[in-house]
$ cat data.tsv   # TSV, C-alpha atoms and all ligand atoms
chain	number	residue	atom	x	y	z
P	1	MET	CA	-53.52	-75.73	-8.87
P	2	THR	CA	-52.82	-76.89	-5.32
P	3	ARG	CA	-49.77	-75.11	-3.98
P	4	ASN	CA	-47.28	-76.78	-1.65
P	5	GLU	CA	-47.81	-75.82	1.97
P	6	THR	CA	-44.66	-74.02	3.08
P	7	LYS	CA	-43.75	-71.99	6.15
P	8	LYS	CA	-44.83	-68.34	6.09
P	9	VAL	CA	-41.89	-65.95	5.89
P	10	ARG	CA	-41.91	-62.15	5.94
P	11	ILE	CA	-39.50	-60.17	3.78
P	12	GLY	CA	-39.98	-56.50	4.62
P	13	ASP	CA	-43.71	-56.06	4.13
P	14	VAL	CA	-44.07	-58.94	1.67
P	15	TRP	CA	-45.16	-62.34	2.91
P	16	ILE	CA	-44.15	-65.44	1.03
P	17	GLY	CA	-44.99	-69.12	1.59
P	18	GLY	CA	-48.07	-70.43	3.36
P	19	GLY	CA	-50.23	-69.98	0.26
P	20	HIS	CA	-49.29	-66.35	-0.42
P	21	PRO	CA	-49.07	-65.47	-4.11
P	22	VAL	CA	-45.80	-66.36	-5.83
P	23	ALA	CA	-43.71	-63.18	-5.53
P	24	ILE	CA	-41.68	-61.76	-8.42
P	25	GLN	CA	-38.04	-60.96	-7.78
P	26	SER	CA	-35.21	-59.50	-9.74
P	27	MET	CA	-31.65	-58.41	-9.15
P	28	THR	CA	-30.06	-55.09	-9.99
P	29	ASN	CA	-27.09	-55.03	-12.36
P	30	THR	CA	-25.80	-51.60	-11.37
P	31	ARG	CA	-22.89	-51.17	-8.96
P	32	THR	CA	-24.60	-51.24	-5.58
P	33	GLU	CA	-22.11	-48.64	-4.36
P	34	ASP	CA	-23.66	-46.26	-6.91
P	35	VAL	CA	-26.78	-45.42	-4.95
P	36	ASP	CA	-28.41	-43.15	-7.55
P	37	ALA	CA	-28.04	-45.63	-10.41
P	38	THR	CA	-29.22	-48.52	-8.24
P	39	VAL	CA	-32.25	-46.63	-6.94
P	40	ASP	CA	-33.16	-45.53	-10.49
P	41	GLN	CA	-33.09	-49.10	-11.67
P	42	ILE	CA	-35.10	-50.37	-8.69
P	43	LEU	CA	-37.77	-47.70	-9.26
P	44	ARG	CA	-38.05	-48.83	-12.91
P	45	LEU	CA	-38.33	-52.43	-11.73
P	46	GLU	CA	-41.01	-51.50	-9.17
P	47	LYS	CA	-43.01	-49.80	-11.91
P	48	ALA	CA	-42.76	-52.94	-14.03
P	49	GLY	CA	-44.10	-55.08	-11.15
P	50	CYS	CA	-41.04	-56.26	-9.24
P	51	GLU	CA	-41.98	-57.19	-5.67
P	52	ILE	CA	-38.63	-58.06	-4.07
P	53	ILE	CA	-35.24	-56.76	-5.19
P	54	ARG	CA	-31.78	-58.18	-4.56
P	55	CYS	CA	-28.50	-56.29	-4.79
P	56	ALA	CA	-25.01	-57.72	-4.91
P	57	VAL	CA	-22.91	-56.75	-1.88
P	58	PRO	CA	-19.27	-57.35	-2.83
P	59	THR	CA	-17.78	-54.57	-0.65
P	60	GLN	CA	-18.31	-52.80	2.67
P	61	GLU	CA	-19.20	-49.67	0.68
P	62	ALA	CA	-22.01	-51.62	-1.02
P	63	ALA	CA	-23.24	-52.90	2.35
P	64	LEU	CA	-23.35	-49.33	3.62
P	65	ALA	CA	-25.11	-48.10	0.47
P	66	LEU	CA	-28.04	-50.43	1.20
P	67	GLY	CA	-29.20	-48.11	3.98
P	68	GLU	CA	-29.54	-45.15	1.59
P	69	ILE	CA	-31.04	-47.30	-1.18
P	70	LYS	CA	-33.66	-48.68	1.19
P	71	LYS	CA	-34.86	-45.19	2.14
P	72	ARG	CA	-35.61	-44.38	-1.50
P	73	ILE	CA	-37.39	-47.54	-2.67
P	74	HIS	CA	-40.70	-49.16	-1.81
P	75	ILE	CA	-40.06	-52.91	-2.04
P	76	PRO	CA	-38.07	-55.25	0.21
P	77	LEU	CA	-34.32	-55.19	-0.31
P	78	VAL	CA	-32.28	-58.39	-0.26
P	79	ALA	CA	-28.49	-58.43	0.11
P	80	ASP	CA	-26.60	-60.98	-1.94
P	81	ILE	CA	-23.46	-62.09	-0.14
P	82	HIS	CA	-20.64	-64.39	-1.13
P	83	PHE	CA	-17.55	-65.44	0.83
P	84	ASP	CA	-17.35	-62.73	3.49
P	85	HIS	CA	-19.57	-63.03	6.56
P	86	ARG	CA	-18.65	-59.48	7.61
P	87	LEU	CA	-20.44	-58.18	4.52
P	88	ALA	CA	-23.55	-60.10	5.56
P	89	ILE	CA	-23.42	-58.59	9.03
P	90	ALA	CA	-22.87	-55.08	7.64
P	91	ALA	CA	-25.75	-55.54	5.18
P	92	ILE	CA	-28.10	-56.58	7.96
P	93	GLU	CA	-27.00	-53.58	10.03
P	94	SER	CA	-27.76	-51.35	7.03
P	95	GLY	CA	-31.35	-52.62	7.06
P	96	ALA	CA	-31.44	-55.43	4.48
P	97	ASP	CA	-34.83	-57.16	4.65
P	98	LYS	CA	-33.31	-60.54	3.84
P	99	ILE	CA	-29.87	-61.86	3.07
P	100	ARG	CA	-28.90	-64.47	0.58
P	101	ILE	CA	-25.85	-66.53	1.44
P	102	ASN	CA	-24.36	-69.81	0.38
P	103	PRO	CA	-23.19	-71.09	3.77
P	104	GLY	CA	-20.81	-73.35	1.85
P	105	ASN	CA	-18.65	-70.43	0.78
P	106	ILE	CA	-18.80	-68.33	3.95
P	107	GLY	CA	-15.76	-70.11	5.36
P	108	SER	CA	-16.71	-71.93	8.56
P	109	GLU	CA	-19.68	-72.91	10.67
P	110	ASP	CA	-18.64	-70.31	13.20
P	111	ARG	CA	-18.81	-67.51	10.61
P	112	VAL	CA	-22.23	-68.70	9.52
P	113	ARG	CA	-23.27	-68.61	13.18
P	114	LYS	CA	-22.25	-64.94	13.42
P	115	VAL	CA	-24.47	-64.14	10.44
P	116	VAL	CA	-27.32	-66.18	11.89
P	117	GLU	CA	-27.05	-64.36	15.25
P	118	LYS	CA	-27.28	-60.99	13.49
P	119	ALA	CA	-30.26	-62.11	11.38
P	120	LYS	CA	-31.92	-63.39	14.54
P	121	GLU	CA	-31.39	-60.04	16.26
P	122	ARG	CA	-33.24	-58.25	13.44
P	123	SER	CA	-35.68	-61.11	12.69
P	124	ILE	CA	-34.86	-61.15	9.02
P	125	PRO	CA	-34.92	-64.27	6.88
P	126	ILE	CA	-31.85	-65.91	5.42
P	127	ARG	CA	-32.04	-67.39	1.96
P	128	VAL	CA	-29.84	-70.43	1.76
P	129	GLY	CA	-28.76	-70.51	-1.86
P	130	VAL	CA	-27.01	-73.43	-3.50
P	131	ASN	CA	-25.89	-73.54	-7.13
P	132	SER	CA	-24.96	-76.62	-9.10
P	133	GLY	CA	-21.72	-74.86	-10.07
P	134	SER	CA	-20.51	-74.73	-6.48
P	135	LEU	CA	-21.48	-78.24	-5.41
P	136	GLU	CA	-19.02	-79.71	-2.86
P	137	LYS	CA	-16.45	-82.21	-4.15
P	138	ASP	CA	-17.56	-85.01	-1.82
P	139	LEU	CA	-21.13	-84.76	-3.14
P	140	VAL	CA	-19.91	-84.72	-6.73
P	141	GLU	CA	-17.99	-87.93	-5.96
P	142	LYS	CA	-20.82	-89.51	-4.00
P	143	TYR	CA	-23.33	-89.05	-6.82
P	144	GLY	CA	-20.86	-89.50	-9.69
P	145	GLY	CA	-21.11	-85.94	-10.95
P	146	VAL	CA	-23.31	-82.92	-10.44
P	147	THR	CA	-26.81	-84.31	-9.91
P	148	ALA	CA	-30.17	-83.14	-8.58
P	149	GLU	CA	-29.72	-85.44	-5.57
P	150	GLY	CA	-26.33	-83.89	-4.81
P	151	ILE	CA	-27.65	-80.31	-5.02
P	152	VAL	CA	-30.54	-81.19	-2.73
P	153	GLU	CA	-28.29	-82.90	-0.18
P	154	SER	CA	-25.99	-79.89	-0.22
P	155	ALA	CA	-28.87	-77.48	0.37
P	156	LEU	CA	-30.39	-79.60	3.14
P	157	ASP	CA	-27.00	-79.88	4.89
P	158	LYS	CA	-26.81	-76.07	5.03
P	159	VAL	CA	-30.40	-75.78	6.19
P	160	HIS	CA	-29.78	-78.29	8.98
P	161	MET	CA	-26.63	-76.43	10.01
P	162	ILE	CA	-28.62	-73.21	10.50
P	163	GLU	CA	-31.50	-75.03	12.19
P	164	LYS	CA	-29.00	-76.47	14.68
P	165	GLN	CA	-27.86	-72.91	15.32
P	166	GLY	CA	-31.41	-72.20	16.42
P	167	TYR	CA	-32.84	-70.37	13.40
P	168	ASP	CA	-35.65	-71.38	11.08
P	169	ASN	CA	-36.55	-68.08	9.44
P	170	LEU	CA	-35.34	-69.48	6.14
P	171	VAL	CA	-35.95	-69.51	2.41
P	172	VAL	CA	-34.16	-72.02	0.20
P	173	SER	CA	-32.99	-71.82	-3.39
P	174	ILE	CA	-31.32	-74.45	-5.49
P	175	LYS	CA	-30.25	-73.48	-8.93
P	176	SER	CA	-28.86	-75.09	-12.01
P	177	SER	CA	-28.57	-73.97	-15.60
P	178	ASP	CA	-29.56	-77.53	-16.60
P	179	VAL	CA	-33.32	-77.11	-16.78
P	180	LEU	CA	-34.34	-80.73	-16.23
P	181	MET	CA	-31.86	-81.20	-13.40
P	182	CYS	CA	-33.24	-78.07	-11.81
P	183	VAL	CA	-36.81	-79.38	-12.11
P	184	LYS	CA	-35.87	-82.71	-10.55
P	185	ALA	CA	-34.00	-81.01	-7.71
P	186	HIS	CA	-37.08	-78.92	-6.89
P	187	GLU	CA	-39.32	-81.98	-6.92
P	188	LEU	CA	-36.96	-83.68	-4.47
P	189	ILE	CA	-36.44	-80.76	-2.11
P	190	ALA	CA	-40.12	-79.82	-2.00
P	191	LYS	CA	-40.78	-83.18	-0.31
P	192	GLU	CA	-38.05	-82.68	2.28
P	193	CYS	CA	-38.16	-79.03	3.13
P	194	PRO	CA	-40.85	-76.95	4.89
P	195	TYR	CA	-39.35	-73.61	3.89
P	196	PRO	CA	-40.47	-71.38	1.01
P	197	LEU	CA	-38.55	-72.02	-2.18
P	198	HIS	CA	-37.16	-69.31	-4.41
P	199	VAL	CA	-37.17	-70.75	-7.91
P	200	GLY	CA	-35.14	-69.81	-10.94
P	201	ILE	CA	-33.06	-71.23	-13.73
P	202	THR	CA	-29.61	-69.80	-13.36
P	203	GLU	CA	-27.40	-68.50	-16.16
P	204	SER	CA	-30.20	-69.18	-18.57
P	205	GLY	CA	-28.92	-66.78	-21.20
P	206	THR	CA	-29.91	-63.77	-23.24
P	207	LEU	CA	-33.46	-62.64	-23.89
P	208	MET	CA	-34.52	-65.46	-26.19
P	209	SER	CA	-32.77	-68.50	-24.70
P	210	GLY	CA	-33.23	-67.18	-21.18
P	211	ASN	CA	-36.95	-66.74	-21.66
P	212	ILE	CA	-37.39	-70.17	-23.20
P	213	LYS	CA	-35.33	-72.02	-20.59
P	214	SER	CA	-36.89	-70.10	-17.71
P	215	SER	CA	-40.43	-70.57	-19.03
P	216	ILE	CA	-39.98	-74.32	-19.43
P	217	GLY	CA	-38.24	-74.77	-16.10
P	218	LEU	CA	-40.52	-72.51	-14.09
P	219	ALA	CA	-43.65	-73.93	-15.69
P	220	LEU	CA	-42.63	-77.51	-14.88
P	221	ILE	CA	-41.84	-76.55	-11.29
P	222	LEU	CA	-44.68	-74.11	-10.59
P	223	SER	CA	-47.31	-76.34	-12.20
P	224	GLN	CA	-46.57	-78.91	-9.47
P	225	GLY	CA	-47.44	-76.31	-6.85
P	226	ILE	CA	-43.77	-75.82	-5.99
P	227	GLY	CA	-42.26	-72.34	-5.58
P	228	ASP	CA	-42.98	-69.25	-3.51
P	229	THR	CA	-40.91	-66.61	-5.26
P	230	ILE	CA	-39.43	-66.60	-8.75
P	231	ARG	CA	-36.76	-64.91	-10.74
P	232	VAL	CA	-36.37	-65.14	-14.49
P	233	SER	CA	-32.62	-64.66	-14.98
P	234	LEU	CA	-31.81	-62.91	-18.22
P	235	THR	CA	-28.62	-61.42	-19.57
P	236	GLY	CA	-30.18	-58.04	-20.26
P	237	ASP	CA	-32.24	-55.27	-18.72
P	238	PRO	CA	-33.76	-56.69	-15.51
P	239	VAL	CA	-37.06	-54.99	-16.40
P	240	GLU	CA	-37.40	-57.72	-19.04
P	241	GLU	CA	-37.15	-60.29	-16.24
P	242	ILE	CA	-40.21	-58.81	-14.59
P	243	ARG	CA	-42.24	-58.77	-17.82
P	244	SER	CA	-41.37	-62.42	-18.42
P	245	ALA	CA	-42.08	-63.44	-14.82
P	246	LYS	CA	-45.50	-61.78	-14.91
P	247	LEU	CA	-46.37	-63.47	-18.17
P	248	ILE	CA	-45.26	-66.89	-16.89
P	249	LEU	CA	-47.36	-66.53	-13.74
P	250	ARG	CA	-50.38	-65.26	-15.68
P	251	THR	CA	-50.12	-68.07	-18.22
P	252	LEU	CA	-50.08	-70.63	-15.41
P	253	GLY	CA	-53.10	-69.01	-13.78
P	254	LEU	CA	-51.03	-68.00	-10.74
P	255	ARG	CA	-51.64	-64.29	-11.27
P	256	LYS	CA	-54.47	-62.16	-12.48
P	257	GLY	CA	-54.40	-58.66	-13.80
P	258	GLY	CA	-52.58	-56.90	-16.58
P	259	ILE	CA	-53.41	-56.73	-20.24
P	260	GLU	CA	-52.88	-59.89	-22.26
P	261	VAL	CA	-51.96	-59.20	-25.86
P	262	VAL	CA	-52.69	-61.89	-28.44
P	263	SER	CA	-51.47	-61.35	-31.97
P	264	CYS	CA	-51.47	-63.43	-35.13
P	265	PRO	CA	-48.24	-64.74	-36.65
P	266	THR	CA	-48.94	-62.78	-39.90
P	267	CYS	CA	-49.12	-64.45	-43.33
P	268	GLY	CA	-49.46	-63.58	-47.00
P	269	ARG	CA	-52.78	-61.83	-46.28
P	270	THR	CA	-51.21	-59.25	-43.95
P	271	LYS	CA	-51.23	-55.81	-45.58
P	272	ILE	CA	-50.19	-53.62	-42.63
P	273	ASP	CA	-47.03	-53.53	-40.51
P	274	LEU	CA	-48.50	-55.90	-37.99
P	275	ILE	CA	-45.22	-57.04	-36.46
P	276	GLY	CA	-44.27	-53.45	-35.62
P	277	LEU	CA	-47.78	-52.70	-34.42
P	278	ALA	CA	-48.01	-55.78	-32.17
P	279	ASN	CA	-44.66	-54.91	-30.56
P	280	ARG	CA	-45.72	-51.32	-29.99
P	281	VAL	CA	-49.05	-52.45	-28.52
P	282	GLU	CA	-47.28	-54.84	-26.16
P	283	GLN	CA	-45.01	-52.06	-24.92
P	284	MET	CA	-47.84	-49.56	-24.65
P	285	VAL	CA	-50.08	-51.80	-22.50
P	286	ALA	CA	-47.32	-52.95	-20.11
P	287	ASP	CA	-48.18	-50.32	-17.50
P	288	ILE	CA	-51.95	-50.03	-18.05
P	289	PRO	CA	-53.68	-51.55	-15.02
P	290	LEU	CA	-56.55	-53.32	-16.79
P	291	ASP	CA	-57.38	-57.03	-16.68
P	292	ILE	CA	-58.43	-57.56	-20.29
P	293	LYS	CA	-57.38	-59.23	-23.53
P	294	VAL	CA	-56.28	-57.21	-26.56
P	295	ALA	CA	-56.06	-58.85	-30.00
P	296	VAL	CA	-53.86	-57.54	-32.80
P	297	MET	CA	-54.74	-59.42	-35.99
P	298	GLY	CA	-53.36	-59.04	-39.48
P	299	CYS	CA	-56.40	-59.31	-41.74
P	300	VAL	CA	-60.13	-59.14	-42.03
P	301	VAL	CA	-60.42	-62.87	-42.92
P	302	ASN	CA	-59.61	-64.33	-39.51
P	303	GLY	CA	-58.97	-61.14	-37.62
P	304	PRO	CA	-62.50	-60.14	-36.64
P	305	GLY	CA	-63.31	-63.67	-35.48
P	306	GLU	CA	-60.23	-63.89	-33.29
P	307	ALA	CA	-60.58	-60.31	-32.10
P	308	ARG	CA	-64.14	-61.08	-31.05
P	309	GLU	CA	-62.84	-63.41	-28.36
P	310	ALA	CA	-60.80	-60.56	-26.95
P	311	ASP	CA	-62.19	-57.52	-25.14
P	312	ILE	CA	-60.83	-55.22	-27.79
P	313	GLY	CA	-58.96	-55.84	-31.00
P	314	ILE	CA	-57.59	-54.57	-34.25
P	315	ALA	CA	-57.94	-56.39	-37.56
P	316	GLY	CA	-55.71	-55.02	-40.30
P	317	GLY	CA	-56.91	-54.18	-43.81
P	318	ILE	CA	-55.06	-52.35	-46.63
P	319	GLY	CA	-53.50	-49.29	-45.04
P	320	GLU	CA	-56.23	-49.31	-42.43
P	321	GLY	CA	-57.73	-51.51	-39.73
P	322	LEU	CA	-60.98	-52.32	-38.00
P	323	LEU	CA	-61.41	-51.57	-34.33
P	324	ILE	CA	-63.45	-54.29	-32.68
P	325	LYS	CA	-64.87	-53.94	-29.18
P	326	LYS	CA	-66.59	-56.80	-27.38
P	327	GLY	CA	-67.16	-58.56	-30.68
P	328	GLU	CA	-68.60	-55.55	-32.54
P	329	VAL	CA	-66.81	-53.65	-35.30
P	330	VAL	CA	-66.74	-50.11	-33.93
P	331	LYS	CA	-64.93	-48.24	-36.67
P	332	LYS	CA	-62.38	-48.19	-39.48
P	333	VAL	CA	-59.11	-46.43	-38.64
P	334	LYS	CA	-56.12	-45.43	-40.80
P	335	GLU	CA	-53.07	-47.64	-40.20
P	336	GLU	CA	-51.03	-44.79	-38.73
P	337	GLU	CA	-53.80	-43.99	-36.25
P	338	LEU	CA	-54.43	-47.53	-35.01
P	339	LEU	CA	-52.06	-47.39	-32.04
P	340	ASP	CA	-53.34	-44.03	-30.77
P	341	THR	CA	-56.93	-45.14	-31.21
P	342	LEU	CA	-56.28	-48.27	-29.21
P	343	ARG	CA	-54.46	-46.29	-26.51
P	344	TRP	CA	-57.40	-43.89	-26.22
P	345	GLU	CA	-59.85	-46.77	-25.90
P	346	LEU	CA	-57.79	-48.40	-23.15
P	347	GLU	CA	-57.31	-45.14	-21.25
P	348	HIS	CA	-61.07	-44.61	-21.27
P	349	TRP	CA	-61.98	-48.27	-20.76
P	350	ASN	CA	-63.93	-47.87	-17.54
P	351	GLU	CA	-65.80	-44.70	-18.45
P	401	LIG	S1	-55.21	-63.27	-38.87
P	401	LIG	FE1	-55.13	-63.02	-41.08
P	401	LIG	S2	-53.11	-62.15	-41.45
P	401	LIG	FE2	-53.04	-63.04	-39.41
P	401	LIG	S3	-52.24	-65.09	-39.77
P	401	LIG	FE3	-54.47	-65.23	-39.72
P	401	LIG	S4	-55.08	-65.10	-41.85
P	401	LIG	FE4	-52.97	-64.37	-41.74
$ encode --input "data.tsv" --output "structure tokens"
Amino acid sequence: MTRNETKKVRIGDVWIGGGHPVAIQSMTNTRTEDVDATVDQILRLEKAGCEIIRCAVPTQEAALALGEIKKRIHIPLVADIHFDHRLAIAAIESGADKIRINPGNIGSEDRVRKVVEKAKERSIPIRVGVNSGSLEKDLVEKYGGVTAEGIVESALDKVHMIEKQGYDNLVVSIKSSDVLMCVKAHELIAKECPYPLHVGITESGTLMSGNIKSSIGLALILSQGIGDTIRVSLTGDPVEEIRSAKLILRTLGLRKGGIEVVSCPTCGRTKIDLIGLANRVEQMVADIPLDIKVAVMGCVVNGPGEAREADIGIAGGIGEGLLIKKGEVVKKVKEEELLDTLRWELEHWNE
């Protein structure tokens, strides 16, 4: 896949744009003022593979908390600001590695300028974020409703405002919960805008609908080479966002590494608890740093054949299963010992 050539931007010690790998972001859902809870969640997200984290900054206390949070985490910290430019300034002073603002709701060009001056002083990027839900009235009228063209014009207006203020250390995001509108908006803005794009489908829903909408939207956008960072927005534990983001990037060939689990859908031949087993395997391998494929198959009819294409696999029998490594049946294992056997094999994979 040929990726769009965008400007290189540094967020803390992570580079995005300019051909750097698509970075995975998430956002905490703890109260940012609660430093311990926020740090705990960020450390869990880091472990899952999060590369950039954003925290809401609705109060001065939250802006101040960023300084303490930053000391205890290992990935760049982004401050999410709405309405109050003083919060943006305080967040930058606390050491935020990037700030996300919607210049349209900061109040005036002069207030935006104050934020820009502070960002300039610390050389940190500003993400200009525009959502379809907050599209200006005149653009809604001009385009006869909320449209991709309107969202793009709104975003570009803000970008040009900040450029005129003498700053181009920018990232842009345009979001909509309408997947196809979001895709179209990204296609349009990618042609007009040299800055890295942060891509996500907003308000996409709970685990199932959020994953489906995000996968479709992100795949359509990323497969055109558009996008420099992503967030899968889910109503749930943000760790799930990271798992989904990694899987989306791996499926599109934009990331390597991590264990891929393939499992059969089960059928009338399945004689073990394959659904439970496949879920437990998926959870177990999430943190194992191997770049291999694991197959979890329900029967010995198709199982061994499918498992052969994987590096290691299980094919269920009656109350037992076959362990297959690199296409060879290695041994028969009791059903209740299958998970532990597989774990042992993975932990000793490179020996
Ligand atoms: S692998 Fe076996 S159990 Fe699984 S769907 Fe295929 S035939 Fe059915």
$ closest_atom_pairs --input "data.tsv" --of "chain P" --to "ligand LIG 401 (chain P)" --cutoff "7 Å" --atoms "all atoms listed in the file" --output "CSV"
residue,atom,partner,partner_atom,distance
P:Cys264,CA,P:LIG401,FE2,4.6
P:Pro265,CA,P:LIG401,S3,5.1
P:Thr266,CA,P:LIG401,S3,4.0
P:Cys267,CA,P:LIG401,FE4,4.2
P:Gly268,CA,P:LIG401,FE4,6.4
P:Arg269,CA,P:LIG401,S2,4.9
P:Thr270,CA,P:LIG401,S2,4.3
P:Met297,CA,P:LIG401,S1,4.8
P:Gly298,CA,P:LIG401,S2,3.7
P:Cys299,CA,P:LIG401,FE1,4.0
P:Val300,CA,P:LIG401,FE1,6.4
P:Val301,CA,P:LIG401,FE1,5.6
P:Asn302,CA,P:LIG401,S1,4.6
P:Gly303,CA,P:LIG401,S1,4.5
$ closest_atom_pairs --input "data.tsv" --of "region 200-319 of chain P" --to "region 165-177 of chain P" --cutoff "10 Å" --atoms "only C-alpha atoms" --output "JSON lines"
{"residue": "P:Gly200", "atom": "CA", "partner": "P:Lys175", "partner_atom": "CA", "distance": 6.4}
{"residue": "P:Ile201", "atom": "CA", "partner": "P:Ser177", "partner_atom": "CA", "distance": 5.6}
{"residue": "P:Thr202", "atom": "CA", "partner": "P:Ser177", "partner_atom": "CA", "distance": 4.8}
{"residue": "P:Glu203", "atom": "CA", "partner": "P:Ser177", "partner_atom": "CA", "distance": 5.6}
{"residue": "P:Ser204", "atom": "CA", "partner": "P:Ser177", "partner_atom": "CA", "distance": 5.9}
{"residue": "P:Gly205", "atom": "CA", "partner": "P:Ser177", "partner_atom": "CA", "distance": 9.1}
{"residue": "P:Gly210", "atom": "CA", "partner": "P:Ser177", "partner_atom": "CA", "distance": 9.9}
{"residue": "P:Lys213", "atom": "CA", "partner": "P:Ser177", "partner_atom": "CA", "distance": 8.6}
{"residue": "P:Ser214", "atom": "CA", "partner": "P:Ser177", "partner_atom": "CA", "distance": 9.4}
{"residue": "P:Gly217", "atom": "CA", "partner": "P:Ser177", "partner_atom": "CA", "distance": 9.7}
{"residue": "P:Gly227", "atom": "CA", "partner": "P:Ser173", "partner_atom": "CA", "distance": 9.5}
{"residue": "P:Asp228", "atom": "CA", "partner": "P:Val171", "partner_atom": "CA", "distance": 9.2}
{"residue": "P:Thr229", "atom": "CA", "partner": "P:Val171", "partner_atom": "CA", "distance": 9.6}
{"residue": "P:Ile230", "atom": "CA", "partner": "P:Ser173", "partner_atom": "CA", "distance": 9.9}
$ residues_around --input "data.tsv" --residues "Glu109 (chain P)" --least-positions-apart "6" --cutoff "12 Å" --atoms "all atoms listed in the file" --output "list in words"
His85, Asn102, Pro103, Val115, Val116, Asp157, Lys158, Val159, His160, Met161, Ile162, Lys164 and Gln165 of chain P
$ closest_residue --input "data.tsv" --among "P:Leu222, P:Leu339, P:Val14, P:Ile89" --to "Lys118 (chain P)" --atoms "only C-alpha atoms"
P:Ile89
$ atom_distance --input "data.tsv" --atom1 "CA of Met284 (chain P)" --atom2 "CA of Gln25 (chain P)"
22.6 Å
$ closest_residue --input "data.tsv" --among "P:Ile189, P:Val183, P:Leu207, P:Ala88" --to "Ser223 (chain P)" --atoms "all atoms listed in the file"
P:Val183
$ residues_near_point --input "data.tsv" --point "(-22.1, -72.8, -5.8)" --cutoff "10 Å" --atoms "all atoms listed in the file" --output "MDAnalysis selection string"
chainID P and resid 82 102:105 129:136 151 154 174:176
$ residues_around --input "data.tsv" --residues "Val333 (chain P)" --least-positions-apart "6" --cutoff "7 Å" --atoms "all atoms listed in the file" --output "ChimeraX atom specification"
/P:320-322
$ atom_distance --input "data.tsv" --atom1 "CA of Val199 (chain P)" --atom2 "CA of Leu218 (chain P)"
7.2 Å
$ axis_aligned_box --input "data.tsv" --around "region 159-177 of chain P" --padding-each-side "8 Å" --output "JSON"
{"center_x": -31.6, "center_y": -73.2, "center_z": 0.4, "size_x": 25.9, "size_y": 26.2, "size_z": 48.0}
$ residues_around --input "data.tsv" --residues "region 304-316 of chain P" --least-positions-apart "6" --cutoff "7 Å" --atoms "all atoms listed in the file" --output "PDB file with C-alpha atoms, in the frame of the given file"
ATOM      1  CA  LYS P 271     -51.230 -55.810 -45.580  1.00  0.00           C
ATOM      2  CA  ILE P 272     -50.190 -53.620 -42.630  1.00  0.00           C
ATOM      3  CA  ILE P 292     -58.430 -57.560 -20.290  1.00  0.00           C
ATOM      4  CA  LYS P 293     -57.380 -59.230 -23.530  1.00  0.00           C
ATOM      5  CA  VAL P 294     -56.280 -57.210 -26.560  1.00  0.00           C
ATOM      6  CA  ALA P 295     -56.060 -58.850 -30.000  1.00  0.00           C
ATOM      7  CA  VAL P 296     -53.860 -57.540 -32.800  1.00  0.00           C
ATOM      8  CA  MET P 297     -54.740 -59.420 -35.990  1.00  0.00           C
ATOM      9  CA  GLY P 298     -53.360 -59.040 -39.480  1.00  0.00           C
ATOM     10  CA  LEU P 322     -60.980 -52.320 -38.000  1.00  0.00           C
ATOM     11  CA  LEU P 323     -61.410 -51.570 -34.330  1.00  0.00           C
ATOM     12  CA  ILE P 324     -63.450 -54.290 -32.680  1.00  0.00           C
ATOM     13  CA  LYS P 325     -64.870 -53.940 -29.180  1.00  0.00           C
ATOM     14  CA  LYS P 326     -66.590 -56.800 -27.380  1.00  0.00           C
ATOM     15  CA  GLY P 327     -67.160 -58.560 -30.680  1.00  0.00           C
TER      16      GLY P 327
END
$ residues_around --input "data.tsv" --residues "His20 (chain P)" --least-positions-apart "3" --cutoff "10 Å" --atoms "only C-alpha atoms" --output "PyMOL selection string"
chain P and resi 3+5-6+8-9+14-17+23+228-229
$ write_last_selection --input "data.tsv" --atoms "C-alpha atoms" --output "PDB file, keeping the file's coordinate frame"
ATOM      1  CA  ARG P   3     -49.770 -75.110  -3.980  1.00  0.00           C
ATOM      2  CA  GLU P   5     -47.810 -75.820   1.970  1.00  0.00           C
ATOM      3  CA  THR P   6     -44.660 -74.020   3.080  1.00  0.00           C
ATOM      4  CA  LYS P   8     -44.830 -68.340   6.090  1.00  0.00           C
ATOM      5  CA  VAL P   9     -41.890 -65.950   5.890  1.00  0.00           C
ATOM      6  CA  VAL P  14     -44.070 -58.940   1.670  1.00  0.00           C
ATOM      7  CA  TRP P  15     -45.160 -62.340   2.910  1.00  0.00           C
ATOM      8  CA  ILE P  16     -44.150 -65.440   1.030  1.00  0.00           C
ATOM      9  CA  GLY P  17     -44.990 -69.120   1.590  1.00  0.00           C
ATOM     10  CA  ALA P  23     -43.710 -63.180  -5.530  1.00  0.00           C
ATOM     11  CA  ASP P 228     -42.980 -69.250  -3.510  1.00  0.00           C
ATOM     12  CA  THR P 229     -40.910 -66.610  -5.260  1.00  0.00           C
TER      13      THR P 229
END
$ closest_residue --input "data.tsv" --among "P:Ile242, P:Ala148, P:Leu346, P:Leu274" --to "Pro289 (chain P)" --atoms "all atoms listed in the file"
P:Leu346
$ residues_near_point --input "data.tsv" --point "(-25.3, -52.1, 1.5)" --cutoff "9 Å" --atoms "all atoms listed in the file" --output "MDAnalysis selection string"
chainID P and resid 32:33 55:57 59:69 79 87 90:96
$ closest_residue --input "data.tsv" --among "P:Ser26, P:Ser108, P:Thr2, P:Ser123" --to "Ala48 (chain P)" --atoms "all atoms listed in the file"
P:Ser26
$ residues_around --input "data.tsv" --residues "Leu247 (chain P)" --least-positions-apart "3" --cutoff "12 Å" --atoms "only C-alpha atoms" --output "list in words"
Ile24, Ala48, Gly49, Asn211, Ser214, Ser215, Leu218, Ala219, Val232, Glu240, Glu241, Ile242, Arg243, Ser244, Arg250, Thr251, Leu252, Gly253, Leu254, Arg255, Lys256, Gly257, Gly258, Ile259, Glu260, Val261, Glu282 and Ala286 of chain P
$ atom_distance --input "data.tsv" --atom1 "CA of Val146 (chain P)" --atom2 "CA of Glu192 (chain P)"
19.5 Å
